[in-house]
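Here the structure comes first, spelled out in C-alpha cells, and everything after it is commentary.
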Amino acid sequence: MKEIMIATKNKGKIKEFQAMFGDDWKVLSLLDKPFDDIDETGSSFEENAKLKAETVRDAWNCPVIADDSGLVIDALNGRPGIYSARYAGVDKDDDANMDKVLAEMEGIEEENRTARFVCVIAVATLEETHVFHGTCEGMIATSKQGNNGFGYDPIFYIPEKRKTMAQLSAEEKNAISHRHHALEKLRRKWTDIFRQ
Ligand SMILES: O=P(O)(O)OP(=O)(O)OP(=O)(O)OC[C@H]1O[C@@H](n2cnc3c(O)ncnc32)[C@H](O)[C@@H]1O
Ligand SMILES: [Mg+2]
C-alpha cells in the first residue's frame with residue numbers, strides 16, 4: 001500500500017484525509033510517529049502550513065504534507081483565523097473556542113454572520129514546497145448543532161444544505177469542505193510533484 005505522511009496531530013483531519021485519499025493509501029500522521037509540537041509562528045495559513053510540512057520533512061528527509069486551517073468570520077475582522085485552534089486560550093478546546101465565537105457574535109444580524117473555513121495544504125518534497133488553498137462558505141449559527149466532524153463544525157451553518165457542518169455525514173462534508181477543495185487542487189498536480 002502507498003503511504004503518505006501528514007504532519008498533524010488532529011484526529012479529525014487525519015480521519016478526513018484517510019477518507020479522501022481512499023483505501024489505496026495509508027495515511028500516516030504524527031500520532032503514528034511522534035514529533036515535538038511545532039510552534040505555529042507564521043502570520044498566515046500558508047506560512048504555518050509550510051512551516052509544519054518543512055519542519056517534519058527536514059527532520060525525516062521524506063515528502064511531507066501539512067494542513068493549516070481555520071474559521072474566518074467577516075463580522076470579527078477575520079478572527080479566529082490562524083488562531084482558530086487556540087482562540088479561547090487553551091490549545092484545542094473546541095467547546096471553549098465555539099463558546100467564545102458565539103458570545104462575540106451575539107446580537108449580530110443574520111446577514112452579517114457570513115464566514116468561511118479555509119484550508120491550506122502544503123506539500124514539502126525533498127526539492128520544493130507546493131501550497132494549495134481551499135475554502136468553504138457558510139454562516140455562524142446562533143447555537144451548536146450536530147455531533148459529526150470536529151472543531152467549529154457545530155456552529156458552521158451551510159445555507160444550501162440547511163444544516164451545520166456537524167449535521168452532515170462524513171461523506172457529505174468531504175464532498176464540499178475547504179479541505180476537499182484544497183486536496184482536489186493537489187490531486188491535479190500530484191503526478192507533476194511526485195513524478196509518479
Ligand atoms: O496543527 P495540527 O497538528 O494539524 O492540528 P490543529 O488542530 O492545531 O490544526 P490547525 O493548527 O490547522 O488549527 C485549525 C483549527 O481550525 C479548526 N478547523 C480546521 N478545520 C476544520 C474543520 O474541517 N471543521 C471544523 N473546524 C476546523 C479546528 O478548531 C482546528 O483546531
Ligand atoms: Mg495546529
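The chains in the C-alpha cells are called A, B, ... from first to last as shown; in each chain the residues are counted from 1, and the ligands are counted from 1 in the order shown.
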Per residue of range 74-136 of chain A within 12 Å of range 160-166 of chain A, what are the shortest atom pair and its distance in Å to one decimal, counting only C-alpha atoms, with rows by chain and residue number, as a tab-separated table?
residue	atom	partner	partner_atom	distance
A:Arg116	CA	A:Met165	CA	11.6
A:Phe117	CA	A:Met165	CA	10.5
A:Cys136	CA	A:Met165	CA	10.3
TODO: Write as a ChimeraX atom specification the residues around ligand 2, taking 9 Å as the cut-off and counting only C-alpha atoms and all ligand atoms.
DONE: /A:8-10,37-40,48,52,67-69,82-86,91-92
Task: Among listed residues A:Lys33, A:His133, A:His180, A:Lys26, nearest ligand 1 (using only C-alpha atoms and all ligand atoms) - done: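 So, comparing all the options, the nearest one is A:His180.
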Task: Members of range 45-110 of chain A assigned alpha helix (DSSP H) by DSSP, as a ChimeraX atom specification - done: /A:45-60,94-104
Take the residues just selected and output them with N, CA and C atoms as an mmCIF file, in the first residue's frame.
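Result file again02.cif:
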data_model
loop_
_atom_site.group_PDB
_atom_site.id
_atom_site.type_symbol
_atom_site.label_atom_id
_atom_site.label_comp_id
_atom_site.auth_asym_id
_atom_site.auth_seq_id
_atom_site.Cartn_x
_atom_site.Cartn_y
_atom_site.Cartn_z
ATOM 1 N N PHE A 45 -2.121 31.273 7.055
ATOM 2 C CA PHE A 45 -2.324 29.827 6.943
ATOM 3 C C PHE A 45 -1.197 29.221 6.110
ATOM 4 N N GLU A 46 -0.848 29.932 5.030
ATOM 5 C CA GLU A 46 0.167 29.405 4.118
ATOM 6 C C GLU A 46 1.517 29.243 4.824
ATOM 7 N N GLU A 47 1.917 30.271 5.573
ATOM 8 C CA GLU A 47 3.205 30.182 6.282
ATOM 9 C C GLU A 47 3.201 29.044 7.293
ATOM 10 N N ASN A 48 2.098 28.895 8.016
ATOM 11 C CA ASN A 48 2.047 27.834 9.021
ATOM 12 C C ASN A 48 1.997 26.442 8.398
ATOM 13 N N ALA A 49 1.287 26.318 7.282
ATOM 14 C CA ALA A 49 1.238 25.011 6.610
ATOM 15 C C ALA A 49 2.646 24.627 6.128
ATOM 16 N N LYS A 50 3.343 25.607 5.520
ATOM 17 C CA LYS A 50 4.713 25.347 5.047
ATOM 18 C C LYS A 50 5.632 24.984 6.205
ATOM 19 N N LEU A 51 5.505 25.767 7.287
ATOM 20 C CA LEU A 51 6.341 25.543 8.470
ATOM 21 C C LEU A 51 6.193 24.113 8.979
ATOM 22 N N LYS A 52 4.958 23.650 9.089
ATOM 23 C CA LYS A 52 4.726 22.300 9.620
ATOM 24 C C LYS A 52 5.280 21.244 8.660
ATOM 25 N N ALA A 53 5.000 21.399 7.363
ATOM 26 C CA ALA A 53 5.457 20.392 6.389
ATOM 27 C C ALA A 53 6.986 20.369 6.306
ATOM 28 N N GLU A 54 7.592 21.546 6.246
ATOM 29 C CA GLU A 54 9.053 21.604 6.049
ATOM 30 C C GLU A 54 9.822 21.177 7.302
ATOM 31 N N THR A 55 9.282 21.498 8.478
ATOM 32 C CA THR A 55 9.961 21.101 9.718
ATOM 33 C C THR A 55 10.067 19.574 9.795
ATOM 34 N N VAL A 56 8.976 18.907 9.471
ATOM 35 C CA VAL A 56 8.983 17.440 9.550
ATOM 36 C C VAL A 56 9.779 16.853 8.380
ATOM 37 N N ARG A 57 9.632 17.434 7.203
ATOM 38 C CA ARG A 57 10.424 16.982 6.040
ATOM 39 C C ARG A 57 11.924 17.066 6.352
ATOM 40 N N ASP A 58 12.352 18.198 6.929
ATOM 41 C CA ASP A 58 13.778 18.378 7.229
ATOM 42 C C ASP A 58 14.266 17.366 8.264
ATOM 43 N N ALA A 59 13.388 17.037 9.220
ATOM 44 C CA ALA A 59 13.795 16.093 10.266
ATOM 45 C C ALA A 59 13.875 14.661 9.733
ATOM 46 N N TRP A 60 12.958 14.302 8.855
ATOM 47 C CA TRP A 60 12.864 12.898 8.440
ATOM 48 C C TRP A 60 13.320 12.659 7.010
ATOM 49 N N ASP A 94 -12.277 22.700 21.724
ATOM 50 C CA ASP A 94 -13.294 23.042 20.726
ATOM 51 C C ASP A 94 -14.500 23.741 21.341
ATOM 52 N N ASP A 95 -14.975 23.232 22.493
ATOM 53 C CA ASP A 95 -16.175 23.818 23.094
ATOM 54 C C ASP A 95 -15.929 25.251 23.553
ATOM 55 N N ALA A 96 -14.779 25.471 24.194
ATOM 56 C CA ALA A 96 -14.458 26.826 24.660
ATOM 57 C C ALA A 96 -14.288 27.766 23.465
ATOM 58 N N ASN A 97 -13.659 27.283 22.396
ATOM 59 C CA ASN A 97 -13.482 28.111 21.197
ATOM 60 C C ASN A 97 -14.833 28.514 20.607
ATOM 61 N N MET A 98 -15.739 27.540 20.500
ATOM 62 C CA MET A 98 -17.067 27.843 19.930
ATOM 63 C C MET A 98 -17.847 28.786 20.831
ATOM 64 N N ASP A 99 -17.748 28.586 22.153
ATOM 65 C CA ASP A 99 -18.450 29.477 23.086
ATOM 66 C C ASP A 99 -17.960 30.911 22.934
ATOM 67 N N LYS A 100 -16.666 31.072 22.749
ATOM 68 C CA LYS A 100 -16.120 32.426 22.594
ATOM 69 C C LYS A 100 -16.659 33.076 21.320
ATOM 70 N N VAL A 101 -16.681 32.308 20.229
ATOM 71 C CA VAL A 101 -17.209 32.849 18.972
ATOM 72 C C VAL A 101 -18.690 33.194 19.128
ATOM 73 N N LEU A 102 -19.469 32.285 19.708
ATOM 74 C CA LEU A 102 -20.915 32.542 19.859
ATOM 75 C C LEU A 102 -21.151 33.800 20.688
ATOM 76 N N ALA A 103 -20.357 33.988 21.736
ATOM 77 C CA ALA A 103 -20.512 35.177 22.585
ATOM 78 C C ALA A 103 -20.164 36.436 21.791
ATOM 79 N N GLU A 104 -19.092 36.379 21.014
ATOM 80 C CA GLU A 104 -18.698 37.557 20.227
ATOM 81 C C GLU A 104 -19.693 37.874 19.116
#
Task: Nearest residue to ligand 1 from the set A:Tyr157, A:Ser43, A:Leu30, A:Glu172 (distances using only C-alpha atoms and all ligand atoms) - done: A:Leu30
TODO: Find the spatial neighbours of Asn112 in chain A, counting only C-alpha atoms, within a cut-off of 8 Å - ignore same-chain residues fewer than 3 positions away - and output them as number ranges by chain.
DONE: A: 74-75, 108-109
Task: d(CA of Leu126 in chain A, CA of Lys189 in chain A) in Å - done: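 Spanning CA of Leu126 in chain A to CA of Lys189 in chain A is a straight-line distance of 16.2 Å.
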